[in-house]
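Student: Contents of model20.txt (compact mmCIF, C-alpha atoms and all ligand atoms) are below:
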# COMPACT_ATOMS: atom_id res chain seq x y z
CA MET A 1 66.97 113.86 126.34
CA ARG A 2 69.89 114.96 128.51
CA LYS A 3 71.06 112.50 131.16
CA ASN A 4 72.39 113.57 134.49
CA ASN A 5 74.63 110.66 135.29
CA SER A 6 77.70 111.89 133.47
CA ASN A 7 79.32 115.15 132.56
CA SER A 8 80.58 114.44 129.12
CA PHE A 9 80.75 116.49 125.98
CA GLU A 10 81.55 114.74 122.73
CA LEU A 11 82.02 116.30 119.33
CA LEU A 12 81.71 114.12 116.23
CA ILE A 13 82.95 115.71 113.02
CA LEU A 14 80.84 114.63 110.06
CA GLY A 15 82.08 117.00 107.36
CA THR A 16 85.22 119.07 106.77
CA SER A 17 85.08 120.25 103.15
CA SER A 18 84.37 123.77 101.98
CA ALA A 19 82.10 124.50 99.00
CA THR A 20 82.31 121.15 97.21
CA PRO A 21 82.77 117.63 98.58
CA SER A 22 85.75 115.45 97.65
CA LYS A 23 86.45 111.72 97.75
CA THR A 24 87.35 111.88 101.40
CA ARG A 25 85.62 114.99 102.69
CA HIS A 26 81.96 115.95 103.08
CA PRO A 27 80.37 119.39 103.51
CA SER A 28 80.08 120.93 106.97
CA ALA A 29 78.31 119.16 109.83
CA HIS A 30 79.24 118.71 113.48
CA LEU A 31 77.31 116.65 116.01
CA LEU A 32 77.65 117.75 119.62
CA ASN A 33 76.57 115.32 122.33
CA ILE A 34 75.91 116.90 125.72
CA GLN A 35 75.05 114.03 128.00
CA GLU A 36 73.10 112.19 125.31
CA GLU A 37 71.31 115.34 124.12
CA LEU A 38 72.31 115.81 120.50
CA PHE A 39 72.82 119.08 118.64
CA LEU A 40 73.53 119.06 114.91
CA ILE A 41 75.44 122.14 113.77
CA ASP A 42 75.20 122.77 110.05
CA CYS A 43 73.77 120.17 107.74
CA GLY A 44 75.70 119.93 104.48
CA GLU A 45 74.70 117.52 101.75
CA ALA A 46 74.70 113.83 102.80
CA THR A 47 74.59 114.61 106.51
CA GLN A 48 71.76 112.11 106.99
CA VAL A 49 73.96 109.39 105.46
CA ARG A 50 76.84 110.40 107.69
CA LEU A 51 74.56 110.19 110.76
CA PHE A 52 73.24 106.84 109.56
CA ASN A 53 76.79 105.47 109.17
CA HIS A 54 77.51 106.45 112.75
CA LYS A 55 74.30 104.75 113.91
CA ILE A 56 72.93 108.03 115.26
CA ARG A 57 69.20 107.73 115.73
CA TRP A 58 67.57 110.78 114.16
CA ASN A 59 64.92 110.71 116.85
CA GLN A 60 67.58 111.68 119.36
CA LEU A 61 68.21 114.94 117.52
CA GLY A 62 66.33 117.76 119.21
CA HIS A 63 68.06 120.81 117.75
CA ILE A 64 69.66 121.73 114.44
CA LEU A 65 71.69 124.95 114.31
CA ILE A 66 72.43 126.36 110.87
CA THR A 67 75.12 129.01 110.45
CA HIS A 68 74.13 130.34 107.03
CA LEU A 69 72.31 129.47 103.85
CA HIS A 70 75.25 128.57 101.59
CA GLY A 71 74.56 125.12 100.16
CA ASP A 72 77.55 123.42 101.78
CA HIS A 73 75.93 124.12 105.18
CA VAL A 74 72.27 123.55 104.48
CA TYR A 75 71.62 121.29 101.45
CA GLY A 76 71.42 118.23 103.69
CA LEU A 77 68.51 119.64 105.65
CA PRO A 78 65.55 118.88 103.31
CA GLY A 79 66.68 115.27 102.90
CA LEU A 80 67.17 114.76 106.62
CA LEU A 81 63.79 116.28 107.47
CA SER A 82 62.03 114.32 104.76
CA SER A 83 63.56 111.07 106.08
CA MET A 84 62.50 111.97 109.60
CA GLY A 85 58.96 112.31 108.23
CA LEU A 86 59.15 108.96 106.41
CA TYR A 87 60.38 107.29 109.60
CA GLN A 88 57.38 108.82 111.38
CA ARG A 89 59.40 110.78 113.87
CA GLU A 90 57.26 111.99 116.75
CA ASN A 91 59.65 114.04 118.90
CA PRO A 92 59.59 117.80 118.35
CA LEU A 93 62.52 119.39 116.51
CA THR A 94 63.79 122.96 116.63
CA ILE A 95 65.89 124.52 113.88
CA PHE A 96 67.82 127.74 114.42
CA GLY A 97 69.28 129.72 111.56
CA PRO A 98 69.51 133.13 109.89
CA SER A 99 66.70 134.95 108.16
CA GLY A 100 65.52 132.86 105.20
CA ILE A 101 65.85 129.46 106.88
CA LYS A 102 62.07 129.21 107.30
CA GLU A 103 61.43 129.89 103.64
CA PHE A 104 64.18 127.46 102.61
CA VAL A 105 62.78 124.60 104.71
CA HIS A 106 59.11 125.21 103.98
CA THR A 107 59.67 125.66 100.24
CA THR A 108 61.81 122.54 99.77
CA LEU A 109 59.42 120.43 101.85
CA ARG A 110 56.37 121.78 100.03
CA LEU A 111 57.78 121.35 96.51
CA SER A 112 59.01 117.84 97.27
CA HIS A 113 55.63 116.93 98.85
CA SER A 114 57.39 115.83 102.03
CA GLN A 115 55.08 115.00 104.91
CA ILE A 116 56.21 116.09 108.37
CA ALA A 117 53.94 114.98 111.19
CA PHE A 118 56.16 115.99 114.11
CA ASP A 119 56.24 119.43 115.68
CA LEU A 120 58.84 121.44 113.72
CA GLN A 121 59.81 124.84 115.05
CA ILE A 122 62.04 127.11 113.00
CA CYS A 123 63.60 130.11 114.76
CA GLU A 124 65.19 132.83 112.67
CA ILE A 125 67.99 134.63 114.48
CA ASP A 126 69.11 138.22 114.02
CA HIS A 127 72.60 137.76 112.54
CA THR A 128 73.69 141.32 113.36
CA SER A 129 73.94 140.99 117.14
CA ALA A 130 74.57 138.34 119.78
CA SER A 131 71.63 136.67 121.53
CA VAL A 132 70.96 133.77 123.85
CA ILE A 133 68.89 131.31 121.83
CA LEU A 134 68.51 128.55 124.40
CA GLN A 135 68.97 128.55 128.14
CA ASP A 136 68.10 126.22 130.99
CA ASP A 137 69.55 125.73 134.45
CA LYS A 138 72.74 124.17 133.01
CA LEU A 139 73.17 125.00 129.35
CA THR A 140 73.34 128.34 127.56
CA ILE A 141 73.67 128.60 123.79
CA THR A 142 74.61 132.00 122.41
CA ALA A 143 74.40 132.96 118.75
CA PHE A 144 76.77 135.67 117.55
CA PRO A 145 77.60 137.40 114.26
CA LEU A 146 80.31 136.06 111.96
CA ASP A 147 81.84 137.98 109.08
CA HIS A 148 81.04 136.16 105.82
CA ARG A 149 79.72 137.09 102.37
CA VAL A 150 76.15 136.40 103.49
CA PRO A 151 74.45 136.63 106.92
CA CYS A 152 76.25 134.09 109.07
CA ILE A 153 76.00 133.05 112.72
CA GLY A 154 78.40 131.36 115.14
CA TYR A 155 77.24 129.36 118.14
CA CYS A 156 78.74 129.00 121.60
CA PHE A 157 77.64 126.30 124.06
CA ARG A 158 78.43 126.84 127.74
CA TYR A 159 77.44 124.18 130.24
CA LYS A 160 77.61 124.52 133.99
CA ASP A 161 76.77 121.90 136.58
CA HIS A 162 77.92 120.71 139.95
CA PHE A 163 77.86 117.40 141.74
CA LYS A 164 78.77 116.03 145.14
CA LYS A 165 81.78 113.82 145.65
CA PHE A 166 83.07 112.21 148.86
CA ASP A 167 86.34 113.41 150.30
CA LYS A 168 87.66 109.85 150.60
CA GLU A 169 90.60 110.77 152.81
CA LEU A 170 88.33 112.50 155.31
CA LEU A 171 85.73 109.75 155.09
CA SER A 172 88.32 107.08 156.01
CA ARG A 173 88.85 108.75 159.38
CA TYR A 174 85.37 107.76 160.62
CA PRO A 175 84.08 104.30 161.58
CA LEU A 176 81.26 104.12 159.03
CA ARG A 177 79.02 101.29 157.90
CA ILE A 178 77.79 100.98 154.30
CA ALA A 179 74.35 102.17 155.44
CA ASP A 180 75.97 105.30 156.94
CA ILE A 181 77.76 106.09 153.71
CA ARG A 182 74.49 105.71 151.84
CA LYS A 183 72.82 108.16 154.22
CA LEU A 184 75.64 110.69 153.87
CA LYS A 185 75.38 110.42 150.09
CA GLU A 186 71.68 111.28 150.35
CA GLY A 187 72.58 114.39 152.33
CA LEU A 188 71.55 112.94 155.71
CA ASP A 189 73.58 113.20 158.91
CA VAL A 190 74.94 110.12 160.70
CA THR A 191 75.36 109.49 164.41
CA LEU A 192 78.75 107.90 165.12
CA PRO A 193 79.37 105.19 167.80
CA ASP A 194 80.72 107.82 170.23
CA GLY A 195 77.43 109.77 169.94
CA SER A 196 78.82 112.62 167.84
CA VAL A 197 77.10 113.62 164.62
CA LEU A 198 78.82 113.57 161.23
CA ARG A 199 77.15 115.95 158.82
CA SER A 200 77.06 115.05 155.15
CA ASN A 201 78.39 118.44 154.11
CA GLN A 202 81.53 117.76 156.17
CA VAL A 203 82.58 114.90 153.89
CA LEU A 204 80.85 115.72 150.60
CA LEU A 205 82.72 118.08 148.30
CA ASP A 206 80.84 120.26 145.83
CA ILE A 207 82.50 119.82 142.45
CA GLU A 208 81.76 122.38 139.75
CA VAL A 209 81.74 121.33 136.11
CA ASN A 210 82.20 123.83 133.30
CA LYS A 211 82.30 122.72 129.68
CA SER A 212 82.15 124.75 126.53
CA TYR A 213 82.33 124.55 122.76
CA ALA A 214 82.18 127.22 120.06
CA TYR A 215 81.55 126.82 116.33
CA CYS A 216 82.77 129.48 113.89
CA SER A 217 82.16 128.79 110.22
CA ASP A 218 82.26 130.55 107.73
CA THR A 219 84.00 133.80 108.55
CA ARG A 220 86.76 136.23 107.73
CA TYR A 221 89.38 136.92 110.37
CA ASN A 222 87.49 139.14 112.76
CA GLU A 223 88.55 139.86 116.33
CA ARG A 224 85.02 140.91 117.23
CA ILE A 225 84.10 137.25 117.71
CA ILE A 226 86.66 136.85 120.50
CA GLU A 227 84.37 138.20 123.21
CA TYR A 228 81.80 135.46 122.47
CA ILE A 229 84.18 132.50 122.45
CA LYS A 230 86.58 133.59 125.18
CA GLY A 231 88.12 130.74 127.17
CA VAL A 232 86.09 127.89 125.65
CA ASP A 233 87.39 124.34 126.04
CA LEU A 234 87.17 123.64 122.33
CA LEU A 235 86.92 126.10 119.47
CA TYR A 236 86.05 125.01 115.97
CA HIS A 237 87.21 127.74 113.62
CA GLU A 238 87.20 127.33 109.88
CA THR A 239 90.60 127.11 108.18
CA THR A 240 89.66 127.17 104.51
CA TYR A 241 93.07 128.28 103.25
CA ASP A 242 96.72 128.06 104.20
CA GLY A 243 98.65 131.09 105.38
CA ALA A 244 99.78 132.11 101.89
CA LEU A 245 96.21 132.81 100.74
CA GLU A 246 95.29 135.59 103.12
CA GLN A 247 94.08 137.91 100.38
CA LYS A 248 91.95 135.19 98.81
CA ALA A 249 90.49 134.45 102.26
CA GLU A 250 89.56 138.09 102.70
CA GLU A 251 87.87 138.22 99.28
CA MET A 252 85.92 135.01 99.82
CA GLY A 253 84.93 135.72 103.40
CA HIS A 254 87.05 132.94 104.87
CA THR A 255 90.00 132.47 107.21
CA THR A 256 93.49 131.08 106.85
CA THR A 257 95.16 128.63 109.22
CA LEU A 258 97.37 131.34 110.70
CA GLN A 259 94.43 133.66 111.27
CA ALA A 260 92.30 130.97 112.95
CA ALA A 261 95.20 130.07 115.23
CA ARG A 262 95.63 133.73 116.12
CA ILE A 263 91.94 133.96 117.06
CA ALA A 264 92.31 130.83 119.24
CA ALA A 265 95.34 132.31 121.00
CA LYS A 266 93.74 135.71 121.53
CA ALA A 267 90.53 134.14 122.82
CA ASN A 268 92.59 132.04 125.22
CA VAL A 269 90.75 128.82 124.32
CA GLN A 270 91.98 125.41 125.46
CA LYS A 271 91.99 123.72 122.05
CA LEU A 272 91.36 124.60 118.43
CA VAL A 273 89.96 122.16 115.88
CA THR A 274 90.23 122.98 112.18
CA GLY A 275 88.00 122.34 109.16
CA HIS A 276 86.17 123.62 106.04
CA TYR A 277 89.21 122.93 103.88
CA SER A 278 89.49 124.15 100.31
CA SER A 279 89.34 121.27 97.80
CA ARG A 280 92.79 122.35 96.52
CA TYR A 281 94.36 120.60 99.54
CA HIS A 282 94.66 116.82 99.30
CA SER A 283 96.97 116.48 102.25
CA LEU A 284 96.15 118.56 105.33
CA GLU A 285 99.35 118.14 107.30
CA HIS A 286 100.80 121.51 106.40
CA LEU A 287 97.58 123.22 107.48
CA LEU A 288 97.94 121.64 110.91
CA GLU A 289 101.62 122.59 111.13
CA GLU A 290 100.84 126.21 110.30
CA CYS A 291 98.20 126.38 113.03
CA GLN A 292 100.40 124.70 115.59
CA GLY A 293 103.17 127.19 114.84
CA VAL A 294 100.89 129.88 116.28
CA PHE A 295 98.66 127.86 118.58
CA PRO A 296 100.23 124.51 119.59
CA GLN A 297 96.98 123.05 121.03
CA THR A 298 95.48 122.62 117.56
CA ILE A 299 93.76 119.40 116.50
CA LEU A 300 93.37 118.59 112.82
CA GLY A 301 89.64 118.22 112.20
CA ILE A 302 89.06 115.21 109.98
CA GLU A 303 86.03 113.14 109.01
CA ASP A 304 84.71 110.88 111.78
CA LEU A 305 86.99 112.35 114.44
CA ARG A 306 85.47 112.21 117.92
CA ILE A 307 86.69 114.58 120.62
CA LYS A 308 85.48 113.86 124.13
CA TRP A 309 86.06 115.97 127.21
ZN ZN B 401 81.05 126.94 103.70
ZN ZN B 402 79.69 130.10 103.26
Let me see the structure of the file written as structure tokens.
Tutor:
Amino acid sequence: MRKNNSNSFELLILGTSSATPSKTRHPSAHLLNIQEELFLIDCGEATQVRLFNHKIRWNQLGHILITHLHGDHVYGLPGLLSSMGLYQRENPLTIFGPSGIKEFVHTTLRLSHSQIAFDLQICEIDHTSASVILQDDKLTITAFPLDHRVPCIGYCFRYKDHFKKFDKELLSRYPLRIADIRKLKEGLDVTLPDGSVLRSNQVLLDIEVNKSYAYCSDTRYNERIIEYIKGVDLLYHETTYDGALEQKAEEMGHTTTLQAARIAAKANVQKLVTGHYSSRYHSLEHLLEECQGVFPQTILGIEDLRIKW
């Protein structure tokens, strides 16, 4: 359930490996917290353990967004759902994903005799064009096509809100009691000792809040995605390979560090966070350096990293 008393976004990175896990890296999963409303994006193997280690209560999870059906993005889903059933989850859950996600979930749950008592909705998204998959008065989530070996979807979260804040300098000019300030805060007008009226909108500023996050994995370098992720605060873009392996990246439907950084620069995003690293890389420092050479505001995505803004 989203809370309205803060305006924070927090990303928790649960997995940064590509195809196979390693000693220190797990398959893809990101947890996005928008004012205590949790969105899980991709659900690689062991994601439920990763959530458990971070003391994330599964009941809090309302939405799971799957990019594509390669195992490193989806094999954690049956286990997580089965555990939710065993823990007698009651809250409804919605899963978004490409065509086939329904069959994958229903088949694995049926064959493993998993009992799910909560309301589970599975929405298959057309991977060939962009669409708004969730929208309320503050948050819009757009799904858009990526360029991988199989149907693959990126997700962009854009959040807009506004709140009132006192102009303290202006406020200090008036002889106000605490009760007056309380009234002004509630939007009421106050009569001053000299008989004049101070209106709340004279001292309350309207502050607009815009926050955004985009998730792009797995994909080839493709400038068509730029229009969907333009100007976001934080872009996650896969960086499976270093700059020397551009041809391999093209063949495998992935992106190099240099290409991801170029996308970030062209999309004019605030920050780029990397991930989905090939298991050939034990140290990741050179991947970060390559990105920063093109796009200095790059953060190295590593396991358990939290980014708050
Ligand atoms: Zn992958
Ligand atoms: Zn893939």
Student: Residues within 9 Å of ligand ZN 401 (chain B), counting only C-alpha atoms and all ligand atoms: report them as a PyMOL selection string.
Tutor: chain A and resi 17-20+27-28+44+68+70-73+217-219+238+240+254+276
Student: In Å, with one decimal, what is the gap from atom CA of Ala261 of chain A to atom CA of Asn210 of chain A?
Tutor: 23.1 Å
Student: Might you pull out every residue within 10 Å of Ala244 of chain A, with all atoms listed in the file counted and same-chain residues fewer than 5 positions away left off, and present them as JSON, numbers by chain?
Tutor: {"A": [249, 256, 257, 258]}
Student: Using all atoms listed in the file for the distances, tell me which of A:Leu176, A:Cys291, A:Ile207, A:Ile153 is nearest to ligand ZN 402 (chain B).
Tutor: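 Using all atoms listed in the file, ligand ZN 402 (chain B) sits closest to A:Ile153.
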Student: So, counting all atoms listed in the file, which residue among A:Pro151, A:Gly301, A:Gly293, A:Gly187 is closest to ligand ZN 402 (chain B)?
Tutor: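 Result for the nearest residue to ligand ZN 402 (chain B): A:Pro151.
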Student: Give me, as a PyMOL selection string, all polymer residues having an atom no more than 12 Å from Glu250 of chain A, counting all atoms listed in the file and skipping those fewer than 2 positions away in the same chain.
Tutor: chain A and resi 147-149+218-222+240-241+243-248+252-256+259
Student: Rank nothing, just name the residue among A:Ile178, A:Cys152, A:Val294, A:Ile263 nearest to ligand ZN 402 (chain B), using all atoms listed in the file.
Tutor: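 Distance minimum relative to ligand ZN 402 (chain B) lands on A:Cys152.
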Student: Excluding Phe166 of chain A and residues on its chain fewer than 5 positions from it, collect all residues at most 12 Å away from it, counting only C-alpha atoms, and give them as a PDB file with C-alpha atoms, in the frame of the given file.
Tutor:
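Result file is result.pdb:
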ATOM      1  CA  LEU A 171      85.730 109.750 155.090  1.00  0.00           C
ATOM      2  CA  SER A 172      88.320 107.080 156.010  1.00  0.00           C
ATOM      3  CA  ILE A 181      77.760 106.090 153.710  1.00  0.00           C
ATOM      4  CA  ARG A 182      74.490 105.710 151.840  1.00  0.00           C
ATOM      5  CA  LEU A 184      75.640 110.690 153.870  1.00  0.00           C
ATOM      6  CA  LYS A 185      75.380 110.420 150.090  1.00  0.00           C
ATOM      7  CA  GLU A 186      71.680 111.280 150.350  1.00  0.00           C
ATOM      8  CA  GLY A 187      72.580 114.390 152.330  1.00  0.00           C
ATOM      9  CA  SER A 200      77.060 115.050 155.150  1.00  0.00           C
ATOM     10  CA  ASN A 201      78.390 118.440 154.110  1.00  0.00           C
ATOM     11  CA  GLN A 202      81.530 117.760 156.170  1.00  0.00           C
ATOM     12  CA  VAL A 203      82.580 114.900 153.890  1.00  0.00           C
ATOM     13  CA  LEU A 204      80.850 115.720 150.600  1.00  0.00           C
ATOM     14  CA  LEU A 205      82.720 118.080 148.300  1.00  0.00           C
ATOM     15  CA  ASP A 206      80.840 120.260 145.830  1.00  0.00           C
ATOM     16  CA  ILE A 207      82.500 119.820 142.450  1.00  0.00           C
TER      17      ILE A 207
END
Student: Hey, can you check how far atom CA of Phe163 of chain A sits from atom CA of His63 of chain A?
Tutor: 26.1 Å
Student: Rounded to one decimal place, report the atom CA of Val132 of chain A-atom CA of Thr274 of chain A distance in Å.
Tutor: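 If I compute the distance from atom CA of Val132 of chain A to atom CA of Thr274 of chain A, I get 25.0 Å.
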Student: At a cut-off of 9 Å around the point (81.1, 120.3, 120.6) (file coordinates), what residues fall inside when counting all atoms listed in the file? I'd like the answer as a list in words.
Tutor: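 Taken together, the residues in range are Phe9, Glu10, Leu11, Leu12, His30, Leu31, Leu32, Asn33, Ile34, Phe39, Phe157, Ser212, Tyr213, Ala214, Tyr215, Leu234, Leu235, Tyr236, Ile307 and Lys308 of chain A.
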Student: Excluding segment 86-99 of chain A and its own-chain neighbours fewer than 2 positions away, which residues fall within 8 Å of it when counting all atoms listed in the file? Please give them as a ChimeraX atom specification.
Tutor: /A:59,61-69,82-84,101-102,115-127,151-153
Student: Using all atoms listed in the file, which residue out of A:His162, A:Glu303, A:Gly85, A:Val74 lies closest to ligand ZN 402 (chain B)?
Tutor: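 Ranking A:His162, A:Glu303, A:Gly85, A:Val74 by distance to ligand ZN 402 (chain B), first place goes to A:Val74.
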Student: Please provide the set of residues having any atom within 9 Å of Ala130 of chain A, restricted to all atoms listed in the file, with same-chain residues fewer than 6 positions apart removed, written as a PyMOL selection string.
Tutor: chain A and resi 142-145+153+228
Student: Give the answer as one residue: which of A:Leu81, A:Glu169, A:Cys216, A:Ser114 has the shortest atom-to-atom distance to ligand ZN 402 (chain B), using only C-alpha atoms and all ligand atoms?
Tutor: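 Comparing A:Leu81, A:Glu169, A:Cys216, A:Ser114 against ligand ZN 402 (chain B), the winner is A:Cys216.
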